[in-house]
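Structure file data-v8.cif; described as mmCIF, N, CA and C atoms.
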```cif
data_data
loop_
_atom_site.group_PDB
_atom_site.id
_atom_site.type_symbol
_atom_site.label_atom_id
_atom_site.label_comp_id
_atom_site.auth_asym_id
_atom_site.auth_seq_id
_atom_site.Cartn_x
_atom_site.Cartn_y
_atom_site.Cartn_z
ATOM 1 N N MET F 282 78.623 112.456 91.122
ATOM 2 C CA MET F 282 78.872 113.868 90.959
ATOM 3 C C MET F 282 80.209 114.209 91.594
ATOM 4 N N LEU F 283 80.949 115.095 90.939
ATOM 5 C CA LEU F 283 82.273 115.479 91.401
ATOM 6 C C LEU F 283 82.373 116.990 91.492
ATOM 7 N N LYS F 284 83.053 117.444 92.534
ATOM 8 C CA LYS F 284 83.344 118.863 92.681
ATOM 9 C C LYS F 284 84.840 119.005 92.908
ATOM 10 N N VAL F 285 85.485 119.837 92.095
ATOM 11 C CA VAL F 285 86.914 120.098 92.233
ATOM 12 C C VAL F 285 87.083 121.580 92.530
ATOM 13 N N THR F 286 87.750 121.875 93.638
ATOM 14 C CA THR F 286 87.988 123.251 94.053
ATOM 15 C C THR F 286 89.488 123.456 94.221
ATOM 16 N N VAL F 287 90.016 124.509 93.619
ATOM 17 C CA VAL F 287 91.436 124.831 93.766
ATOM 18 C C VAL F 287 91.555 126.063 94.656
ATOM 19 N N VAL F 288 92.313 125.915 95.734
ATOM 20 C CA VAL F 288 92.567 127.013 96.654
ATOM 21 C C VAL F 288 94.042 127.365 96.538
ATOM 22 N N ASP F 289 94.310 128.564 96.030
ATOM 23 C CA ASP F 289 95.682 129.017 95.840
ATOM 24 C C ASP F 289 96.157 129.867 97.000
ATOM 25 N N THR F 290 97.399 129.624 97.412
ATOM 26 C CA THR F 290 98.081 130.510 98.348
ATOM 27 C C THR F 290 99.452 130.812 97.745
ATOM 28 N N ALA F 291 100.223 131.611 98.415
ATOM 29 C CA ALA F 291 101.545 131.971 97.903
ATOM 30 C C ALA F 291 102.487 130.769 97.857
ATOM 31 N N THR F 292 102.273 129.802 98.736
ATOM 32 C CA THR F 292 103.212 128.683 98.833
ATOM 33 C C THR F 292 102.688 127.366 98.283
ATOM 34 N N GLU F 293 101.364 127.249 98.107
ATOM 35 C CA GLU F 293 100.822 125.981 97.624
ATOM 36 C C GLU F 293 99.482 126.175 96.929
ATOM 37 N N ALA F 294 99.143 125.153 96.174
ATOM 38 C CA ALA F 294 97.797 125.066 95.592
ATOM 39 C C ALA F 294 97.191 123.785 96.141
ATOM 40 N N ARG F 295 96.008 123.904 96.707
ATOM 41 C CA ARG F 295 95.317 122.741 97.252
ATOM 42 C C ARG F 295 94.134 122.444 96.343
ATOM 43 N N VAL F 296 94.126 121.216 95.812
ATOM 44 C CA VAL F 296 93.052 120.770 94.932
ATOM 45 C C VAL F 296 92.158 119.859 95.764
ATOM 46 N N LYS F 297 90.970 120.333 96.077
ATOM 47 C CA LYS F 297 90.038 119.564 96.900
ATOM 48 C C LYS F 297 89.078 118.822 95.979
ATOM 49 N N VAL F 298 89.037 117.501 96.135
ATOM 50 C CA VAL F 298 88.195 116.647 95.297
ATOM 51 C C VAL F 298 87.086 116.079 96.173
ATOM 52 N N GLU F 299 85.832 116.372 95.798
ATOM 53 C CA GLU F 299 84.689 115.922 96.584
ATOM 54 C C GLU F 299 83.751 115.105 95.703
ATOM 55 N N GLY F 300 83.345 113.942 96.185
ATOM 56 C CA GLY F 300 82.424 113.091 95.443
ATOM 57 C C GLY F 300 83.135 111.951 94.756
ATOM 58 N N ALA F 301 82.519 111.437 93.702
ATOM 59 C CA ALA F 301 83.048 110.275 92.990
ATOM 60 C C ALA F 301 83.971 110.709 91.856
ATOM 61 N N LEU F 302 85.219 110.301 91.955
ATOM 62 C CA LEU F 302 86.204 110.558 90.905
ATOM 63 C C LEU F 302 86.128 109.372 89.952
ATOM 64 N N ALA F 303 85.179 109.448 89.029
ATOM 65 C CA ALA F 303 84.876 108.299 88.176
ATOM 66 C C ALA F 303 84.281 108.760 86.850
ATOM 67 N N GLY F 304 84.519 107.942 85.831
ATOM 68 C CA GLY F 304 83.913 108.173 84.522
ATOM 69 C C GLY F 304 84.249 109.543 83.951
ATOM 70 N N PRO F 305 83.266 110.137 83.299
ATOM 71 C CA PRO F 305 83.492 111.421 82.627
ATOM 72 C C PRO F 305 83.892 112.560 83.569
ATOM 73 N N SER F 306 83.564 112.441 84.841
ATOM 74 C CA SER F 306 83.889 113.519 85.778
ATOM 75 C C SER F 306 85.397 113.656 86.018
ATOM 76 N N VAL F 307 86.171 112.638 85.657
ATOM 77 C CA VAL F 307 87.624 112.706 85.823
ATOM 78 C C VAL F 307 88.192 113.866 85.004
ATOM 79 N N THR F 308 87.536 114.217 83.902
ATOM 80 C CA THR F 308 88.021 115.318 83.069
ATOM 81 C C THR F 308 88.004 116.649 83.825
ATOM 82 N N GLU F 309 87.138 116.785 84.807
ATOM 83 C CA GLU F 309 87.113 118.010 85.613
ATOM 84 C C GLU F 309 88.413 118.146 86.406
ATOM 85 N N LEU F 310 88.877 117.044 86.995
ATOM 86 C CA LEU F 310 90.145 117.066 87.722
ATOM 87 C C LEU F 310 91.305 117.267 86.751
ATOM 88 N N GLU F 311 91.239 116.608 85.608
ATOM 89 C CA GLU F 311 92.296 116.746 84.606
ATOM 90 C C GLU F 311 92.417 118.200 84.140
ATOM 91 N N SER F 312 91.299 118.846 83.941
ATOM 92 C CA SER F 312 91.287 120.248 83.523
ATOM 93 C C SER F 312 91.934 121.144 84.580
ATOM 94 N N ALA F 313 91.588 120.928 85.839
ATOM 95 C CA ALA F 313 92.179 121.710 86.930
ATOM 96 C C ALA F 313 93.686 121.481 86.990
ATOM 97 N N TRP F 314 94.111 120.231 86.790
ATOM 98 C CA TRP F 314 95.532 119.888 86.821
ATOM 99 C C TRP F 314 96.281 120.589 85.683
ATOM 100 N N LYS F 315 95.724 120.539 84.482
ATOM 101 C CA LYS F 315 96.367 121.186 83.336
ATOM 102 C C LYS F 315 96.493 122.684 83.558
ATOM 103 N N HIS F 316 95.469 123.275 84.143
ATOM 104 C CA HIS F 316 95.513 124.708 84.434
ATOM 105 C C HIS F 316 96.647 125.032 85.411
ATOM 106 N N LEU F 317 96.803 124.223 86.442
ATOM 107 C CA LEU F 317 97.881 124.437 87.411
ATOM 108 C C LEU F 317 99.249 124.256 86.755
ATOM 109 N N CYS F 318 99.375 123.264 85.891
ATOM 110 C CA CYS F 318 100.650 123.014 85.212
ATOM 111 C C CYS F 318 100.994 124.145 84.260
ATOM 112 N N GLN F 319 100.001 124.677 83.573
ATOM 113 C CA GLN F 319 100.234 125.756 82.623
ATOM 114 C C GLN F 319 100.618 127.050 83.326
ATOM 115 N N ALA F 320 100.196 127.199 84.557
ATOM 116 C CA ALA F 320 100.549 128.400 85.317
ATOM 117 C C ALA F 320 102.057 128.482 85.522
ATOM 118 N N GLY F 321 102.715 127.317 85.548
ATOM 119 C CA GLY F 321 104.164 127.257 85.601
ATOM 120 C C GLY F 321 104.794 127.736 86.895
ATOM 121 N N GLU F 322 104.019 127.914 87.899
ATOM 122 C CA GLU F 322 104.561 128.377 89.167
ATOM 123 C C GLU F 322 105.142 127.208 89.939
ATOM 124 N N ASN F 323 106.167 127.491 90.691
ATOM 125 C CA ASN F 323 106.849 126.447 91.440
ATOM 126 C C ASN F 323 106.309 126.361 92.863
ATOM 127 N N ARG F 324 105.065 125.912 92.976
ATOM 128 C CA ARG F 324 104.438 125.787 94.289
ATOM 129 C C ARG F 324 104.158 124.322 94.576
ATOM 130 N N LYS F 325 104.052 124.020 95.827
ATOM 131 C CA LYS F 325 103.637 122.696 96.254
ATOM 132 C C LYS F 325 102.170 122.516 95.871
ATOM 133 N N ILE F 326 101.833 121.334 95.333
ATOM 134 C CA ILE F 326 100.444 121.049 94.979
ATOM 135 C C ILE F 326 99.959 119.866 95.809
ATOM 136 N N LEU F 327 98.914 120.095 96.575
ATOM 137 C CA LEU F 327 98.302 119.051 97.396
ATOM 138 C C LEU F 327 96.963 118.687 96.783
ATOM 139 N N VAL F 328 96.713 117.400 96.640
ATOM 140 C CA VAL F 328 95.427 116.923 96.152
ATOM 141 C C VAL F 328 94.719 116.290 97.348
ATOM 142 N N ASP F 329 93.700 116.972 97.828
ATOM 143 C CA ASP F 329 92.970 116.562 99.021
ATOM 144 C C ASP F 329 91.804 115.656 98.618
ATOM 145 N N LEU F 330 91.936 114.387 98.923
ATOM 146 C CA LEU F 330 90.929 113.383 98.579
ATOM 147 C C LEU F 330 90.077 112.984 99.778
ATOM 148 N N SER F 331 90.106 113.784 100.824
ATOM 149 C CA SER F 331 89.409 113.449 102.070
ATOM 150 C C SER F 331 87.903 113.301 101.901
ATOM 151 N N GLU F 332 87.327 114.026 100.952
ATOM 152 C CA GLU F 332 85.881 113.965 100.729
ATOM 153 C C GLU F 332 85.516 113.174 99.468
ATOM 154 N N THR F 333 86.454 112.374 98.979
ATOM 155 C CA THR F 333 86.203 111.557 97.792
ATOM 156 C C THR F 333 85.481 110.284 98.212
ATOM 157 N N THR F 334 84.406 109.955 97.509
ATOM 158 C CA THR F 334 83.599 108.793 97.886
ATOM 159 C C THR F 334 83.914 107.546 97.076
ATOM 160 N N ALA F 335 84.461 107.702 95.877
ATOM 161 C CA ALA F 335 84.807 106.561 95.018
ATOM 162 C C ALA F 335 85.845 107.014 94.009
ATOM 163 N N ILE F 336 86.713 106.082 93.597
ATOM 164 C CA ILE F 336 87.724 106.370 92.584
ATOM 165 C C ILE F 336 87.784 105.171 91.648
ATOM 166 N N ASP F 337 87.455 105.393 90.361
ATOM 167 C CA ASP F 337 87.512 104.296 89.402
ATOM 168 C C ASP F 337 88.894 104.257 88.739
ATOM 169 N N ALA F 338 89.065 103.355 87.763
ATOM 170 C CA ALA F 338 90.364 103.177 87.107
ATOM 171 C C ALA F 338 90.842 104.464 86.433
ATOM 172 N N ASP F 339 89.936 105.206 85.788
ATOM 173 C CA ASP F 339 90.327 106.467 85.151
ATOM 174 C C ASP F 339 90.781 107.484 86.188
ATOM 175 N N GLY F 340 90.078 107.539 87.301
ATOM 176 C CA GLY F 340 90.463 108.438 88.379
ATOM 177 C C GLY F 340 91.825 108.076 88.950
ATOM 178 N N LYS F 341 92.072 106.790 89.117
ATOM 179 C CA LYS F 341 93.373 106.339 89.620
ATOM 180 C C LYS F 341 94.487 106.701 88.657
ATOM 181 N N ARG F 342 94.247 106.509 87.351
ATOM 182 C CA ARG F 342 95.260 106.871 86.359
ATOM 183 C C ARG F 342 95.588 108.365 86.431
ATOM 184 N N MET F 343 94.563 109.189 86.580
ATOM 185 C CA MET F 343 94.789 110.632 86.669
ATOM 186 C C MET F 343 95.593 110.971 87.916
ATOM 187 N N LEU F 344 95.286 110.348 89.030
ATOM 188 C CA LEU F 344 96.024 110.606 90.266
ATOM 189 C C LEU F 344 97.476 110.144 90.155
ATOM 190 N N VAL F 345 97.719 109.038 89.460
ATOM 191 C CA VAL F 345 99.092 108.569 89.236
ATOM 192 C C VAL F 345 99.862 109.600 88.421
ATOM 193 N N VAL F 346 99.234 110.125 87.378
ATOM 194 C CA VAL F 346 99.880 111.167 86.563
ATOM 195 C C VAL F 346 100.239 112.360 87.446
ATOM 196 N N MET F 347 99.288 112.804 88.236
ATOM 197 C CA MET F 347 99.513 113.966 89.084
ATOM 198 C C MET F 347 100.633 113.713 90.091
ATOM 199 N N ALA F 348 100.600 112.559 90.736
ATOM 200 C CA ALA F 348 101.624 112.229 91.733
ATOM 201 C C ALA F 348 102.997 112.084 91.081
ATOM 202 N N SER F 349 103.040 111.504 89.884
ATOM 203 C CA SER F 349 104.325 111.325 89.218
ATOM 204 C C SER F 349 104.917 112.652 88.763
ATOM 205 N N GLN F 350 104.064 113.687 88.675
ATOM 206 C CA GLN F 350 104.537 115.016 88.302
ATOM 207 C C GLN F 350 104.707 115.923 89.512
ATOM 208 N N GLY F 351 104.677 115.342 90.702
ATOM 209 C CA GLY F 351 105.019 116.088 91.906
ATOM 210 C C GLY F 351 103.900 116.435 92.859
ATOM 211 N N ALA F 352 102.653 116.147 92.502
ATOM 212 C CA ALA F 352 101.551 116.453 93.422
ATOM 213 C C ALA F 352 101.596 115.513 94.625
ATOM 214 N N GLN F 353 101.229 116.027 95.772
ATOM 215 C CA GLN F 353 101.136 115.213 96.988
ATOM 216 C C GLN F 353 99.673 114.855 97.202
ATOM 217 N N LEU F 354 99.390 113.560 97.311
ATOM 218 C CA LEU F 354 98.025 113.089 97.523
ATOM 219 C C LEU F 354 97.770 112.969 99.016
ATOM 220 N N VAL F 355 96.662 113.552 99.470
ATOM 221 C CA VAL F 355 96.300 113.546 100.887
ATOM 222 C C VAL F 355 94.933 112.892 101.023
ATOM 223 N N ALA F 356 94.815 111.970 101.982
ATOM 224 C CA ALA F 356 93.540 111.263 102.151
ATOM 225 C C ALA F 356 93.235 111.060 103.624
ATOM 226 N N LYS F 357 91.945 110.928 103.902
ATOM 227 C CA LYS F 357 91.463 110.558 105.229
ATOM 228 C C LYS F 357 90.404 109.491 105.019
ATOM 229 N N GLY F 358 90.360 108.558 105.899
ATOM 230 C CA GLY F 358 89.386 107.486 105.784
ATOM 231 C C GLY F 358 90.031 106.226 105.227
ATOM 232 N N VAL F 359 89.478 105.104 105.589
ATOM 233 C CA VAL F 359 90.048 103.810 105.231
ATOM 234 C C VAL F 359 90.158 103.642 103.720
ATOM 235 N N TYR F 360 89.088 103.919 102.998
ATOM 236 C CA TYR F 360 89.073 103.694 101.552
ATOM 237 C C TYR F 360 90.093 104.565 100.826
ATOM 238 N N THR F 361 90.019 105.868 101.029
ATOM 239 C CA THR F 361 90.918 106.753 100.283
ATOM 240 C C THR F 361 92.370 106.593 100.719
ATOM 241 N N GLU F 362 92.616 106.334 101.984
ATOM 242 C CA GLU F 362 93.988 106.091 102.431
ATOM 243 C C GLU F 362 94.555 104.843 101.755
ATOM 244 N N TYR F 363 93.756 103.791 101.645
ATOM 245 C CA TYR F 363 94.172 102.555 100.992
ATOM 246 C C TYR F 363 94.484 102.801 99.510
ATOM 247 N N VAL F 364 93.591 103.502 98.826
ATOM 248 C CA VAL F 364 93.794 103.788 97.406
ATOM 249 C C VAL F 364 95.039 104.640 97.208
ATOM 250 N N VAL F 365 95.179 105.695 97.991
ATOM 251 C CA VAL F 365 96.334 106.586 97.850
ATOM 252 C C VAL F 365 97.633 105.843 98.127
ATOM 253 N N LYS F 366 97.652 105.008 99.129
ATOM 254 C CA LYS F 366 98.862 104.238 99.432
ATOM 255 C C LYS F 366 99.269 103.398 98.225
ATOM 256 N N GLY F 367 98.318 102.724 97.609
ATOM 257 C CA GLY F 367 98.608 101.912 96.428
ATOM 258 C C GLY F 367 99.095 102.745 95.259
ATOM 259 N N LEU F 368 98.503 103.905 95.053
ATOM 260 C CA LEU F 368 98.914 104.775 93.953
ATOM 261 C C LEU F 368 100.319 105.320 94.165
ATOM 262 N N VAL F 369 100.618 105.727 95.379
ATOM 263 C CA VAL F 369 101.948 106.249 95.688
ATOM 264 C C VAL F 369 102.994 105.148 95.508
ATOM 265 N N GLU F 370 102.658 103.935 95.893
ATOM 266 C CA GLU F 370 103.586 102.813 95.687
ATOM 267 C C GLU F 370 103.848 102.600 94.200
ATOM 268 N N ARG F 371 102.803 102.718 93.368
ATOM 269 C CA ARG F 371 102.978 102.585 91.914
ATOM 270 C C ARG F 371 103.904 103.668 91.376
ATOM 271 N N VAL F 372 103.698 104.897 91.832
ATOM 272 C CA VAL F 372 104.539 106.007 91.374
ATOM 273 C C VAL F 372 105.986 105.770 91.797
ATOM 274 N N ASN F 373 106.175 105.383 93.052
ATOM 275 C CA ASN F 373 107.525 105.137 93.551
ATOM 276 C C ASN F 373 108.218 103.992 92.841
ATOM 277 N N ALA F 374 107.425 103.048 92.322
ATOM 278 C CA ALA F 374 107.989 101.901 91.592
ATOM 279 C C ALA F 374 108.240 102.246 90.123
ATOM 280 N N GLY F 375 107.845 103.456 89.716
ATOM 281 C CA GLY F 375 108.118 103.884 88.348
ATOM 282 C C GLY F 375 106.981 103.677 87.369
ATOM 283 N N CYS F 376 105.810 103.286 87.846
ATOM 284 C CA CYS F 376 104.652 103.089 86.971
ATOM 285 C C CYS F 376 104.035 104.443 86.679
ATOM 286 N N ARG F 377 103.824 104.744 85.392
ATOM 287 C CA ARG F 377 103.273 106.050 85.027
ATOM 288 C C ARG F 377 101.889 105.954 84.402
ATOM 289 N N SER F 378 101.294 104.780 84.406
ATOM 290 C CA SER F 378 99.941 104.676 83.804
ATOM 291 C C SER F 378 98.968 104.060 84.756
#
```

Could you quickly redo this structure as structure tokens?
Amino acid sequence: MLKVTVVDTATEARVKVEGALAGPSVTELESAWKHLCQAGENRKILVDLSETTAIDADGKRMLVVMASQGAQLVAKGVYTEYVVKGLVERVNAGCRS
């Protein structure tokens, strides 16, 4: 089960992801991301993965897309910090998928 919450402020949008970012639930995060992109506002976007329990290949691909388009991925805990580090390295190396 996945819960995605967007908290907007004047300077940033924080996307809080709770639960397993896997399978069909990835579309919930994708929908939130598209909504933020369509808003067209020039705010910092933070994706808070601190409460994420699992991330599958589809979830990783979505996070790479988000990071490559300027979102900052934030994580706490050994698992999510490890995953985020790898994803950020992929983005920095120019991988977009």

Which residues, named as in the file, does the PyMOL selection byres (((chain F and resi 364 and name CA) around 12) and name CA) pick out? Answer as a short mmCIF file (atom, residue, chain, number, x, y, z; two decimals) with N, CA and C atoms, in the frame of the given file.
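Resulting contents of part_32.cif:
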```cif
data_model
loop_
_atom_site.label_atom_id
_atom_site.label_comp_id
_atom_site.auth_asym_id
_atom_site.auth_seq_id
_atom_site.Cartn_x
_atom_site.Cartn_y
_atom_site.Cartn_z
N LEU F 330 91.94 114.39 98.92
CA LEU F 330 90.93 113.38 98.58
C LEU F 330 90.08 112.98 99.78
N SER F 331 90.11 113.78 100.82
CA SER F 331 89.41 113.45 102.07
C SER F 331 87.90 113.30 101.90
N THR F 333 86.45 112.37 98.98
CA THR F 333 86.20 111.56 97.79
C THR F 333 85.48 110.28 98.21
N THR F 334 84.41 109.96 97.51
CA THR F 334 83.60 108.79 97.89
C THR F 334 83.91 107.55 97.08
N ALA F 335 84.46 107.70 95.88
CA ALA F 335 84.81 106.56 95.02
C ALA F 335 85.84 107.01 94.01
N ILE F 336 86.71 106.08 93.60
CA ILE F 336 87.72 106.37 92.58
C ILE F 336 87.78 105.17 91.65
N ASP F 337 87.46 105.39 90.36
CA ASP F 337 87.51 104.30 89.40
C ASP F 337 88.89 104.26 88.74
N ALA F 338 89.06 103.36 87.76
CA ALA F 338 90.36 103.18 87.11
C ALA F 338 90.84 104.46 86.43
N GLY F 340 90.08 107.54 87.30
CA GLY F 340 90.46 108.44 88.38
C GLY F 340 91.82 108.08 88.95
N LYS F 341 92.07 106.79 89.12
CA LYS F 341 93.37 106.34 89.62
C LYS F 341 94.49 106.70 88.66
N ARG F 342 94.25 106.51 87.35
CA ARG F 342 95.26 106.87 86.36
C ARG F 342 95.59 108.36 86.43
N LEU F 344 95.29 110.35 89.03
CA LEU F 344 96.02 110.61 90.27
C LEU F 344 97.48 110.14 90.16
N VAL F 345 97.72 109.04 89.46
CA VAL F 345 99.09 108.57 89.24
C VAL F 345 99.86 109.60 88.42
N LEU F 354 99.39 113.56 97.31
CA LEU F 354 98.02 113.09 97.52
C LEU F 354 97.77 112.97 99.02
N VAL F 355 96.66 113.55 99.47
CA VAL F 355 96.30 113.55 100.89
C VAL F 355 94.93 112.89 101.02
N ALA F 356 94.82 111.97 101.98
CA ALA F 356 93.54 111.26 102.15
C ALA F 356 93.24 111.06 103.62
N LYS F 357 91.94 110.93 103.90
CA LYS F 357 91.46 110.56 105.23
C LYS F 357 90.40 109.49 105.02
N GLY F 358 90.36 108.56 105.90
CA GLY F 358 89.39 107.49 105.78
C GLY F 358 90.03 106.23 105.23
N VAL F 359 89.48 105.10 105.59
CA VAL F 359 90.05 103.81 105.23
C VAL F 359 90.16 103.64 103.72
N TYR F 360 89.09 103.92 103.00
CA TYR F 360 89.07 103.69 101.55
C TYR F 360 90.09 104.56 100.83
N THR F 361 90.02 105.87 101.03
CA THR F 361 90.92 106.75 100.28
C THR F 361 92.37 106.59 100.72
N GLU F 362 92.62 106.33 101.98
CA GLU F 362 93.99 106.09 102.43
C GLU F 362 94.56 104.84 101.76
N TYR F 363 93.76 103.79 101.64
CA TYR F 363 94.17 102.56 100.99
C TYR F 363 94.48 102.80 99.51
N VAL F 365 95.18 105.70 97.99
CA VAL F 365 96.33 106.59 97.85
C VAL F 365 97.63 105.84 98.13
N LYS F 366 97.65 105.01 99.13
CA LYS F 366 98.86 104.24 99.43
C LYS F 366 99.27 103.40 98.22
N GLY F 367 98.32 102.72 97.61
CA GLY F 367 98.61 101.91 96.43
C GLY F 367 99.10 102.74 95.26
N LEU F 368 98.50 103.90 95.05
CA LEU F 368 98.91 104.78 93.95
C LEU F 368 100.32 105.32 94.16
N VAL F 369 100.62 105.73 95.38
CA VAL F 369 101.95 106.25 95.69
C VAL F 369 102.99 105.15 95.51
N GLU F 370 102.66 103.94 95.89
CA GLU F 370 103.59 102.81 95.69
C GLU F 370 103.85 102.60 94.20
N ARG F 371 102.80 102.72 93.37
CA ARG F 371 102.98 102.58 91.91
C ARG F 371 103.90 103.67 91.38
#
```

**OP:** Name the residues of chain F that come out as strand (DSSP E) in a backbone DSSP run; write them as an MDAnalysis selection string.
**Re:** chainID F and resid 283:289 293:302 325:336 353:355

Original post:
Between F:Ala313, F:Val328, F:Cys318, F:Asn323, which has the minimum distance to Lys297 of chain F (counting all atoms listed in the file)?
Top reply: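 Smallest distance to Lys297 of chain F is found for F:Val328.
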
Original post:
Interatomic distance between atom CA of Ser312 of chain F and atom N of Val287 of chain F?
Top reply: 11.0 Å

Subject >> Protein and nucleic acid residues near (84.5, 111.5, 88.7) (cut-off 8 Å, only N, CA and C atoms) as a list in words >> reply: Met282, Leu283, Lys284, Glu299, Gly300, Ala301, Leu302, Ala303, Gly304, Pro305, Ser306, Val307, Thr308, Glu309, Leu310, Ala335, Ile336, Asp337, Asp339 and Gly340 of chain F
